[in-house]
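Asks: Got a structure for you, upload31.tsv, holding TSV, C-alpha atoms.
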```
chain	number	residue	atom	x	y	z
X	18	ALA	CA	0.00	0.00	0.00
X	19	GLN	CA	1.12	3.51	-0.71
X	20	SER	CA	2.40	5.37	2.32
X	21	VAL	CA	4.64	8.25	3.29
X	22	THR	CA	7.00	8.53	6.25
X	23	GLN	CA	8.51	11.63	7.80
X	24	PRO	CA	11.19	10.35	10.18
X	25	ASP	CA	11.70	13.62	12.09
X	26	ILE	CA	8.88	14.78	14.36
X	27	HIS	CA	10.63	17.97	15.50
X	28	ILE	CA	13.56	19.90	14.04
X	29	THR	CA	15.15	23.05	15.41
X	30	VAL	CA	17.47	25.23	13.35
X	31	SER	CA	18.99	28.66	13.75
X	32	GLU	CA	17.84	31.49	11.55
X	33	GLY	CA	20.04	31.66	8.47
X	34	ALA	CA	21.02	27.99	8.66
X	35	SER	CA	20.21	25.50	5.94
X	36	LEU	CA	17.30	23.09	6.29
X	37	GLU	CA	16.50	19.61	5.06
X	38	LEU	CA	13.27	17.81	5.96
X	39	ARG	CA	13.12	14.15	5.12
X	40	CYS	CA	10.31	12.28	3.39
X	41	ASN	CA	10.25	8.64	2.30
X	42	TYR	CA	7.45	7.05	0.35
X	43	SER	CA	6.26	3.59	-0.49
X	44	TYR	CA	4.87	3.29	-3.99
X	45	GLY	CA	5.04	0.80	-6.85
X	46	ALA	CA	5.02	3.24	-9.74
X	47	THR	CA	6.23	6.78	-10.24
X	48	PRO	CA	4.57	8.69	-7.42
X	49	TYR	CA	2.91	12.03	-7.30
X	50	LEU	CA	4.55	13.83	-4.35
X	51	PHE	CA	3.74	17.03	-2.51
X	52	TRP	CA	5.00	19.20	0.33
X	53	TYR	CA	2.53	21.30	2.29
X	54	VAL	CA	3.15	23.81	5.09
X	55	GLN	CA	0.83	24.59	7.98
X	56	SER	CA	1.31	27.76	9.99
X	57	PRO	CA	-0.17	27.81	13.51
X	58	GLY	CA	-3.97	27.96	13.47
X	59	GLN	CA	-4.11	27.79	9.70
X	60	GLY	CA	-4.95	25.32	7.01
X	61	LEU	CA	-2.33	23.74	4.78
X	62	GLN	CA	-0.68	25.53	1.87
X	63	LEU	CA	1.04	23.85	-1.06
X	64	LEU	CA	4.82	24.46	-1.20
X	65	LEU	CA	5.66	22.34	-4.25
X	66	LYS	CA	4.80	19.16	-6.10
X	67	TYR	CA	6.47	16.52	-8.27
X	68	PHE	CA	4.73	14.58	-11.00
X	69	SER	CA	7.46	13.80	-13.53
X	70	GLY	CA	10.43	15.32	-15.35
X	71	ASP	CA	13.16	17.27	-13.60
X	72	THR	CA	13.81	15.65	-10.25
X	73	LEU	CA	14.64	18.96	-8.58
X	74	VAL	CA	11.51	21.04	-8.15
X	75	GLN	CA	11.24	24.62	-6.99
X	76	GLY	CA	8.46	25.87	-4.81
X	77	ILE	CA	7.25	28.96	-3.08
X	78	LYS	CA	9.06	30.77	-0.25
X	79	GLY	CA	12.48	29.66	-1.50
X	80	PHE	CA	11.91	25.94	-0.90
X	81	GLU	CA	13.00	23.14	-3.20
X	82	ALA	CA	12.72	19.36	-3.12
X	83	GLU	CA	14.56	16.57	-4.87
X	84	PHE	CA	12.96	13.32	-5.98
X	85	LYS	CA	15.34	10.35	-5.65
X	86	ARG	CA	13.80	7.18	-6.95
X	87	SER	CA	16.68	4.97	-5.78
X	88	GLN	CA	16.15	6.14	-2.20
X	89	SER	CA	12.34	6.48	-2.37
X	90	SER	CA	12.79	9.97	-1.00
X	91	PHE	CA	11.48	13.46	-1.63
X	92	ASN	CA	13.38	15.68	0.82
X	93	LEU	CA	12.54	19.34	1.25
X	94	ARG	CA	15.38	21.89	1.42
X	95	LYS	CA	15.95	25.56	1.98
X	96	PRO	CA	19.43	27.15	1.92
X	97	SER	CA	18.71	29.83	4.54
X	98	VAL	CA	15.84	29.60	6.99
X	99	HIS	CA	13.86	32.65	8.11
X	100	TRP	CA	12.04	32.95	11.43
X	101	SER	CA	8.75	32.99	9.52
X	102	ASP	CA	9.44	29.44	8.28
X	103	ALA	CA	8.57	28.07	11.72
X	104	ALA	CA	5.59	25.83	10.99
X	105	GLU	CA	4.62	22.21	10.47
X	106	TYR	CA	5.55	20.59	7.18
X	107	PHE	CA	3.72	17.67	5.60
X	108	CYS	CA	4.84	15.40	2.83
X	109	ALA	CA	2.07	13.70	0.86
X	110	VAL	CA	1.76	10.98	-1.76
X	111	VAL	CA	-1.13	10.05	-3.98
X	112	LEU	CA	-3.13	6.94	-3.10
X	113	ILE	CA	-4.98	5.38	-6.00
X	114	SER	CA	-8.17	3.76	-4.79
X	115	GLY	CA	-11.40	3.02	-6.58
X	116	GLY	CA	-10.16	4.76	-9.69
X	117	TYR	CA	-9.65	8.04	-7.91
X	118	ASN	CA	-6.49	9.66	-6.64
X	119	LYS	CA	-6.41	10.87	-3.04
X	120	LEU	CA	-3.64	12.46	-1.06
X	121	ILE	CA	-2.16	10.53	1.87
X	122	PHE	CA	-0.18	12.64	4.31
X	123	GLY	CA	2.80	11.88	6.47
X	124	ALA	CA	2.71	12.60	10.19
X	125	GLY	CA	4.44	15.94	9.74
X	126	THR	CA	7.65	17.61	10.91
X	127	ARG	CA	7.41	20.59	13.22
X	128	LEU	CA	10.11	23.16	12.54
X	129	ALA	CA	11.28	25.61	15.19
X	130	VAL	CA	13.61	28.46	14.27
X	131	HIS	CA	15.94	30.04	16.82
X	132	PRO	CA	16.95	33.68	16.34
M	15	ASN	CA	-11.28	35.44	-2.56
M	16	ALA	CA	-13.07	33.39	0.09
M	17	GLY	CA	-11.68	30.01	-1.06
M	18	VAL	CA	-12.75	27.25	1.34
M	19	THR	CA	-14.81	28.35	4.32
M	20	GLN	CA	-15.47	26.17	7.35
M	21	THR	CA	-17.83	26.77	10.23
M	22	PRO	CA	-17.76	26.66	13.17
M	23	LYS	CA	-14.10	27.26	14.06
M	24	PHE	CA	-14.52	25.85	17.56
M	25	ARG	CA	-17.13	23.62	19.16
M	26	ILE	CA	-17.49	21.64	22.35
M	27	LEU	CA	-19.87	18.69	22.31
M	28	LYS	CA	-21.09	16.29	24.93
M	29	ILE	CA	-20.85	12.56	24.32
M	30	GLY	CA	-23.79	11.39	22.23
M	31	GLN	CA	-24.64	14.78	20.76
M	32	SER	CA	-24.81	15.37	17.04
M	33	MET	CA	-23.54	18.21	14.92
M	34	THR	CA	-22.66	19.21	11.39
M	35	LEU	CA	-19.46	20.89	10.26
M	36	GLN	CA	-20.13	23.13	7.31
M	37	CYS	CA	-17.80	23.55	4.34
M	38	THR	CA	-18.30	25.81	1.34
M	39	GLN	CA	-15.99	26.59	-1.56
M	40	ASP	CA	-16.39	29.26	-4.19
M	41	MET	CA	-13.83	28.01	-6.72
M	42	ASN	CA	-16.22	25.71	-8.61
M	43	HIS	CA	-14.08	22.70	-7.71
M	44	ASN	CA	-15.62	19.30	-8.30
M	45	TYR	CA	-13.46	17.51	-5.76
M	46	MET	CA	-13.88	18.02	-2.04
M	47	TYR	CA	-12.43	16.28	1.00
M	48	TRP	CA	-12.72	16.06	4.75
M	49	TYR	CA	-9.60	15.34	6.81
M	50	ARG	CA	-9.04	15.08	10.51
M	51	GLN	CA	-5.75	16.04	12.11
M	52	ASP	CA	-4.54	14.50	15.35
M	53	PRO	CA	-1.18	15.32	17.00
M	54	GLY	CA	1.64	13.24	15.56
M	55	MET	CA	-0.71	11.52	13.11
M	56	GLY	CA	-0.79	13.91	10.19
M	57	LEU	CA	-4.05	14.21	8.28
M	58	LYS	CA	-6.36	11.28	7.77
M	59	LEU	CA	-8.96	11.29	5.00
M	60	ILE	CA	-12.51	10.82	6.30
M	61	TYR	CA	-14.66	11.21	3.18
M	62	TYR	CA	-14.30	12.67	-0.26
M	63	SER	CA	-16.55	13.69	-3.12
M	64	VAL	CA	-15.89	13.84	-6.85
M	65	GLY	CA	-18.95	15.89	-7.65
M	66	ALA	CA	-22.48	16.73	-6.60
M	67	GLY	CA	-24.30	13.59	-5.52
M	68	ILE	CA	-21.14	11.43	-5.38
M	69	THR	CA	-19.31	10.67	-2.15
M	70	ASP	CA	-17.05	7.90	-0.92
M	71	LYS	CA	-15.24	6.77	2.20
M	72	GLY	CA	-11.67	7.61	2.99
M	73	GLU	CA	-9.34	6.05	5.55
M	74	VAL	CA	-11.34	6.78	8.73
M	75	PRO	CA	-15.07	7.14	7.89
M	76	ASN	CA	-16.61	5.46	10.94
M	77	GLY	CA	-18.80	7.77	12.99
M	78	TYR	CA	-19.21	10.31	10.19
M	79	ASN	CA	-21.54	10.98	7.28
M	80	VAL	CA	-21.40	13.40	4.38
M	81	SER	CA	-23.60	14.67	1.62
M	82	ARG	CA	-22.96	16.69	-1.52
M	83	SER	CA	-26.13	18.22	-2.88
M	84	THR	CA	-24.34	21.12	-4.59
M	85	THR	CA	-20.89	21.74	-6.03
M	86	GLU	CA	-20.20	24.37	-3.37
M	87	ASP	CA	-21.17	22.58	-0.15
M	88	PHE	CA	-19.81	19.48	1.53
M	89	PRO	CA	-21.04	19.17	5.12
M	90	LEU	CA	-19.68	16.59	7.55
M	91	ARG	CA	-22.07	15.14	10.13
M	92	LEU	CA	-21.24	13.51	13.43
M	93	GLU	CA	-24.26	11.55	14.62
M	94	LEU	CA	-23.22	10.34	18.08
M	95	ALA	CA	-20.18	12.23	19.23
M	96	ALA	CA	-17.47	10.25	21.02
M	97	PRO	CA	-14.27	11.43	22.74
M	98	SER	CA	-12.27	9.73	19.97
M	99	GLN	CA	-13.68	12.32	17.58
M	100	THR	CA	-11.93	15.16	19.40
M	101	SER	CA	-9.75	16.53	16.64
M	102	VAL	CA	-9.18	19.36	14.20
M	103	TYR	CA	-11.17	18.92	11.02
M	104	PHE	CA	-10.11	20.32	7.67
M	105	CYS	CA	-12.18	20.63	4.56
M	106	ALA	CA	-10.35	20.91	1.23
M	107	SER	CA	-11.14	21.15	-2.44
M	108	SER	CA	-9.28	20.65	-5.70
M	109	TYR	CA	-9.90	21.15	-9.41
M	110	SER	CA	-8.45	17.82	-10.46
M	111	MET	CA	-7.83	14.31	-9.24
M	112	LYS	CA	-6.21	12.81	-12.35
M	113	PRO	CA	-3.48	13.91	-11.85
M	114	PRO	CA	-4.20	15.33	-8.41
M	115	GLY	CA	-4.23	19.08	-8.34
M	116	GLU	CA	-3.40	21.37	-5.49
M	117	LEU	CA	-5.66	21.03	-2.48
M	118	PHE	CA	-7.04	24.25	-1.07
M	119	PHE	CA	-7.74	24.01	2.64
M	120	GLY	CA	-10.08	25.77	4.99
M	121	GLU	CA	-8.76	27.09	8.28
M	122	GLY	CA	-10.04	24.15	10.26
M	123	SER	CA	-12.69	23.38	12.86
M	124	ARG	CA	-11.51	22.39	16.33
M	125	LEU	CA	-13.93	19.95	17.94
M	126	THR	CA	-13.79	18.75	21.52
M	127	VAL	CA	-16.04	15.96	22.78
M	128	LEU	CA	-16.40	15.73	26.55
```
What do you get writing this file as C-alpha cells?

Replies:
Amino acid sequence: AQSVTQPDIHITVSEGASLELRCNYSYGATPYLFWYVQSPGQGLQLLLKYFSGDTLVQGIKGFEAEFKRSQSSFNLRKPSVHWSDAAEYFCAVVLISGGYNKLIFGAGTRLAVHP
Amino acid sequence: NAGVTQTPKFRILKIGQSMTLQCTQDMNHNYMYWYRQDPGMGLKLIYYSVGAGITDKGEVPNGYNVSRSTTEDFPLRLELAAPSQTSVYFCASSYSMKPPGELFFGEGSRLTVL
C-alpha cells in the first residue's frame, strides 16, 4: 500500500542555517509527491509538487525538493531559513483507490527556528 | 477570494450529541475532501466527493456521514459524538484528481467531545 513517512517529528534550526526535511514514500510506480506547510492555526498551503520530469523542483518561499527514486525519497530543502518558516511541514503521496487519486499525508515535521 | 470556508471554528460537544461541520468553496471545484488532524498523526482522509451527488469513504469514515447536494457545499455530520472524535477537522477542495491538483484548505474546525 502507498504510504509516506517523515522520520523527524521535531527539528530546530537557527535562523540563516540551511534546512532539510526528510520524506520517504512507499509506492510501486512513479509517485505524485507534494509538500505542504501549515502555519499555527491555519490550514495547509502547497509548497511544491512533483509529478514527472526534472527531479529537482522549486516551490514557493524559497523551498526546493529533490525526488530520488533509488532512495524512495522526496526531501525538502531551503538554503537559509527565516524565522517565519517556523511551521509544520507535511509530505504527501497520492493513493490510487477506486479509480480516484487521493492524497495521503505523512505525520508531519514541526520546525522551530531560533533567532 | 473566500476560497474554502469552514464553520464553526470551535465547538465543544457532549458525548452522544450530534452536529454538522459546514464547508463551502467558491472556486467551482468538483473535488472536495474532509480530513481530521490529530497530533503526531498527520491528516487522515474521512470522506471525499468527486462531484455533486457522489461521495465515498476515505481512511477513517466510521462515525461520520457526508452529503454533496451542490458543487459548493460538503457538510460533515457527526451523529453520536465520542471522545475519539476530538480533533481538528479540515475541509479541502481541488480542481483535479487525475493527476491530483493542489488542495485548497479551509482554516479548520476544532472539535472537543467531553

Asks: Go through chain M residue by residue and, counting all atoms listed in the file, keep those with an atom at most 9 Å from chain X; for each kept residue give the shortest atom pair and its distance in Å to one decimal, ordered by chain and increasing number, as a Markdown table.

Replies:
```
| residue | atom | partner | partner_atom | distance |
| --- | --- | --- | --- | --- |
| M:Pro53 | CA | X:Ala124 | CA | 8.3 |
| M:Gly54 | CA | X:Ala124 | CA | 5.5 |
| M:Met55 | CA | X:Ala124 | CA | 4.6 |
| M:Gly56 | CA | X:Ala124 | CA | 3.7 |
| M:Leu57 | CA | X:Phe122 | CA | 5.8 |
| M:Lys58 | CA | X:Phe122 | CA | 7.2 |
| M:Leu59 | CA | X:Ile121 | CA | 7.5 |
| M:Tyr62 | CA | X:Lys119 | CA | 8.6 |
| M:Val64 | CA | X:Tyr117 | CA | 8.6 |
| M:Gly72 | CA | X:Lys119 | CA | 8.6 |
| M:Phe104 | CA | X:Gly60 | CA | 7.2 |
| M:Cys105 | CA | X:Gly60 | CA | 9.0 |
| M:Met111 | CA | X:Asn118 | CA | 5.5 |
| M:Lys112 | CA | X:Asn118 | CA | 6.5 |
| M:Pro113 | CA | X:Asn118 | CA | 7.4 |
| M:Pro114 | CA | X:Asn118 | CA | 6.4 |
| M:Glu116 | CA | X:Leu63 | CA | 6.7 |
| M:Leu117 | CA | X:Leu63 | CA | 7.4 |
| M:Phe118 | CA | X:Gln62 | CA | 7.1 |
| M:Phe119 | CA | X:Gly60 | CA | 5.3 |
| M:Gly120 | CA | X:Gly60 | CA | 5.5 |
| M:Glu121 | CA | X:Gly60 | CA | 4.4 |
| M:Gly122 | CA | X:Gly60 | CA | 6.2 |
```

Asks: If we count only C-alpha atoms and set the cut-off at 8 Å, which residues sit around region 76-91 of chain X, ignoring sequence neighbours fewer than 3 positions away in its own chain? Please answer as an mmCIF file with C-alpha atoms, keeping the file's coordinate frame.

Replies:
```
data_model
loop_
_atom_site.group_PDB
_atom_site.id
_atom_site.type_symbol
_atom_site.label_atom_id
_atom_site.label_comp_id
_atom_site.auth_asym_id
_atom_site.auth_seq_id
_atom_site.Cartn_x
_atom_site.Cartn_y
_atom_site.Cartn_z
ATOM 1 C CA ARG X 39 13.120 14.150 5.120
ATOM 2 C CA CYS X 40 10.310 12.280 3.390
ATOM 3 C CA ASN X 41 10.250 8.640 2.300
ATOM 4 C CA TYR X 42 7.450 7.050 0.350
ATOM 5 C CA SER X 43 6.260 3.590 -0.490
ATOM 6 C CA LEU X 50 4.550 13.830 -4.350
ATOM 7 C CA LEU X 64 4.820 24.460 -1.200
ATOM 8 C CA LEU X 65 5.660 22.340 -4.250
ATOM 9 C CA LYS X 66 4.800 19.160 -6.100
ATOM 10 C CA TYR X 67 6.470 16.520 -8.270
ATOM 11 C CA THR X 72 13.810 15.650 -10.250
ATOM 12 C CA LEU X 73 14.640 18.960 -8.580
ATOM 13 C CA ARG X 94 15.380 21.890 1.420
ATOM 14 C CA LYS X 95 15.950 25.560 1.980
#
```

Asks: CA of Pro57 (chain X) and CA of Ser110 (chain M), how far apart in Å?

Replies: 27.3 Å

Asks: Would you mind reading off the distance between CA of Thr69 (chain M) and CA of Lys23 (chain M), one decimal, in Å?

Replies: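 CA of Thr69 (chain M) sits 23.8 Å away from CA of Lys23 (chain M).
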
Asks: Enter the distance from CA of Ser56 (chain X) to CA of Val102 (chain M), in Å, rounded to one decimal.

Replies: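 That distance, rounded to one decimal, is 14.1 Å.
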
Asks: Skipping near chain neighbours, those fewer than 6 positions away, what residues fall within 12 Å of Pro75 (chain M) using only C-alpha atoms, listed as a PDB file with C-alpha atoms, keeping the file's coordinate frame?

Replies:
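Result file is around-v3.pdb:
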```pdb
ATOM      1  CA  TYR M  47     -12.430  16.280   1.000  1.00  0.00           C
ATOM      2  CA  TRP M  48     -12.720  16.060   4.750  1.00  0.00           C
ATOM      3  CA  TYR M  49      -9.600  15.340   6.810  1.00  0.00           C
ATOM      4  CA  ARG M  50      -9.040  15.080  10.510  1.00  0.00           C
ATOM      5  CA  LYS M  58      -6.360  11.280   7.770  1.00  0.00           C
ATOM      6  CA  LEU M  59      -8.960  11.290   5.000  1.00  0.00           C
ATOM      7  CA  ILE M  60     -12.510  10.820   6.300  1.00  0.00           C
ATOM      8  CA  TYR M  61     -14.660  11.210   3.180  1.00  0.00           C
ATOM      9  CA  TYR M  62     -14.300  12.670  -0.260  1.00  0.00           C
ATOM     10  CA  THR M  69     -19.310  10.670  -2.150  1.00  0.00           C
ATOM     11  CA  LEU M  90     -19.680  16.590   7.550  1.00  0.00           C
ATOM     12  CA  ARG M  91     -22.070  15.140  10.130  1.00  0.00           C
ATOM     13  CA  LEU M  92     -21.240  13.510  13.430  1.00  0.00           C
ATOM     14  CA  GLN M  99     -13.680  12.320  17.580  1.00  0.00           C
TER      15      GLN M  99
END
```

Asks: What box, with edges along x, y and z, holds each listed atom of region 37-48 of chain X when 3 Å is added on every side, and can you state its centre and edge lengths in Å to one decimal, as JSON?

Replies:
```
{"center_x": 10.5, "center_y": 10.2, "center_z": -2.1, "size_x": 17.9, "size_y": 24.8, "size_z": 22.2}
```

Asks: Kindly indicate which residue among M:Gly67, M:Gly115, M:Pro22, M:Gly30 lies nearest to Asp87 (chain M), using only C-alpha atoms for the distances.

Replies: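 The answer is M:Gly67, which sits nearest to Asp87 (chain M).
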
Asks: Given the choices X:Val98, X:Asn92, X:Ala46, X:Ala104, which gets closest to Val30 (chain X) if the distance is worked out from all atoms listed in the file?

Replies: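 For Val30 (chain X), the nearest of the candidates is X:Val98.
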
Asks: Find, counting only C-alpha atoms, the residue in M:Thr100, M:Gly65, M:Leu128, M:Asn79 that gets nearest to Met46 (chain M).

Replies: M:Gly65

Asks: So, with only C-alpha atoms as the atoms that count, which of X:Gly70, X:Ala129, X:Pro48, X:Ser35 lies closest to Gln19 (chain X)?

Replies: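 Ranked by minimum distance to Gln19 (chain X), first place goes to X:Pro48.
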